[in-house]
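Written out below as structure tokens is the structure these notes cover.
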Number of protein chains: 2
Amino acid sequence: MSSVRKFQPDVHGDYRWDQVDRLQYKAEGSAPFKDITRQVLFNQPDQATELRYFEVAPGGHSTLERHQHTHAVLILRGRGTVRIGTDVIDIGERDLVTVDPLTWHQFRAAPDCALGFLCLVSKARDKPQLPTQAEQLELEKRDFAATSSLRSQQA
Amino acid sequence: MSSVRKFQPDVHGDYRWDQVDRLQYKAEGSAPFKDITRQVLFNQPDQATELRYFEVAPGGHSTLERHQHTHAVLILRGRGTVRIGTDVIDIGERDLVTVDPLTWHQFRAAPDCALGFLCLVSKARDKPQLPTQAEQLELEKRDFAATSSLRSQQA
């Protein structure tokens, strides 16, 4: 049905819309994540993709994962960082993020600010893969190396 | 390629992004429209839809048209109205608009304010149809009737 669904933030300023349910991000215990919700904004019968809105509370994060399907993301609210592979990049309102196939990625809200983003995905998509402990340690080692290198450049 | 493309408004405050071209809305003379530009934000190889950003200058408008494919629209900037069939509805930032198959629709920016919106469509889609003069007159007659009815209610 053709419609206009109005933007209706809640009393805390969190993003809500008429006739859109706020859902769990994932089933509890299925993968590590923190303080994040999911709303399906568009799931048109004639379109093979769906557009979701994810909202991460201050200090929260999405799951660190990778998959064959790509993500097309537009930041709608606040700021934070995105990990793409071994890079961790600052993101803010209206920035565009593309995540390629089989690329480790994770969205984090800033400690003092929520992060809300639109995410476009194919309806038919593969299941996310989680890192092994070794893969996670490898990513964190590279983060530490990058931070140490930055510190020595600043010293 | 995985990437972060930063939001970079121009000196007038109009919305631009790194590595995104601002394009003509349509070929001049192909259909009636006024003061509107198009930017393709996402066209992922594994996705059957594309996400475009349209920006309408104050007082401008998109083409009045209809087609079999649907539109999924999120207002990103400013305010204005959308015609959906015989309804003309006020729209503002972050409102969601769905346009069903074969439904006449047109977006208009407010006289004093730009209107910018994301529009999700299937890559494979039918060509828009324009109204005949009779169809356009019929829509306008209904607008006039609705406005007259509103005036008599207010009197």
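Residues in the structure tokens are numbered from 1 in each chain, the chains being A, B, ... in the order shown, and ligands are numbered from 1 in the order shown.
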
Report task. Would you kindly return, as a list in words, each protein, DNA or RNA residue with an atom no farther than 7 Å from any atom of region 72-78 of chain A, considering only C-alpha atoms and excluding same-chain residues fewer than 6 positions away? Result ->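 Everything that qualifies: Gly92, Glu93, Arg94, Asp95, Leu96, Val97, Thr98, Val99, Cys113, Ala114, Leu115, Gly116, Phe117, Leu118, Cys119, Leu120 and Val121 of chain A; Phe42 of chain B.
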
**Report entry** Secondary structure check, strand (DSSP E) residues of region 19-111 of chain A, as JSON, numbers by chain
**Finding:** {"A": [23, 24, 34, 35, 36, 37, 38, 39, 40, 41, 42, 49, 50, 51, 52, 53, 54, 55, 56, 57, 58, 59, 60, 61, 71, 72, 73, 74, 75, 76, 77, 78, 80, 81, 82, 83, 84, 87, 88, 89, 90, 91, 96, 97, 98, 99, 105, 106, 107, 108, 109]}

**Report entry** Residue contacts of region 126-133 of chain B (10 Å, only C-alpha atoms) excluding same-chain residues fewer than 4 positions away, as a list in words
**Finding:** Ala31, Pro32, Thr63, Leu64, Glu65, Arg66, His67, Gln68, His69, Leu102, Trp104, Ser122, Leu137, Glu138 and Leu139 of chain B

Query raised in the report: chain A: which residues are alpha helix (DSSP H) by DSSP, as a list in words?
Result: Gln133, Ala134, Glu135, Gln136, Leu137, Glu138, Leu139, Glu140, Lys141, Arg142, Asp143, Phe144, Ala145, Ala146, Thr147, Ser148, Ser149, Leu150, Arg151, Ser152, Gln153 and Gln154 of chain A

Could you dump the residues just selected with C-alpha atoms as a compact mmCIF listing (two decimals), in the first residue's frame?
```
# COMPACT_ATOMS: atom_id res chain seq x y z
CA GLN A 133 39.76 -16.95 18.35
CA ALA A 134 42.99 -16.93 16.29
CA GLU A 135 41.45 -14.62 13.65
CA GLN A 136 40.15 -12.26 16.32
CA LEU A 137 43.57 -12.15 18.04
CA GLU A 138 45.23 -11.44 14.68
CA LEU A 139 42.88 -8.48 14.04
CA GLU A 140 43.47 -7.13 17.56
CA LYS A 141 47.26 -7.54 17.20
CA ARG A 142 47.12 -5.42 14.04
CA ASP A 143 44.99 -2.81 15.87
CA PHE A 144 47.62 -2.68 18.62
CA ALA A 145 50.43 -2.36 16.05
CA ALA A 146 48.56 0.45 14.24
CA THR A 147 47.93 2.29 17.54
CA SER A 148 51.56 1.85 18.64
CA SER A 149 52.78 3.16 15.29
CA LEU A 150 50.45 6.17 15.64
CA ARG A 151 51.76 6.79 19.18
CA SER A 152 55.38 6.71 18.04
CA GLN A 153 54.55 9.09 15.16
CA GLN A 154 52.95 11.48 17.65
```

Would you list the contacts of Leu41 (chain A) as a PDB file with C-alpha atoms, in the first residue's frame, taking every protein, DNA or RNA residue within 8 Å and counting only C-alpha atoms, but skipping same-chain residues closer than 6 positions in sequence?
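After the write, selection_39.pdb holds the following:
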```
ATOM      1  CA  VAL A  20       7.668   0.165  12.064  1.00  0.00           C
ATOM      2  CA  GLU A  50      15.561  -4.769   2.060  1.00  0.00           C
ATOM      3  CA  LEU A  51      16.486  -1.564   3.856  1.00  0.00           C
ATOM      4  CA  ARG A  52      16.997  -1.851   7.605  1.00  0.00           C
ATOM      5  CA  TYR A  53      17.817   0.774  10.256  1.00  0.00           C
TER       6      TYR A  53
ATOM      7  CA  LEU B  96       9.225   7.132   4.810  1.00  0.00           C
TER       8      LEU B  96
END
```
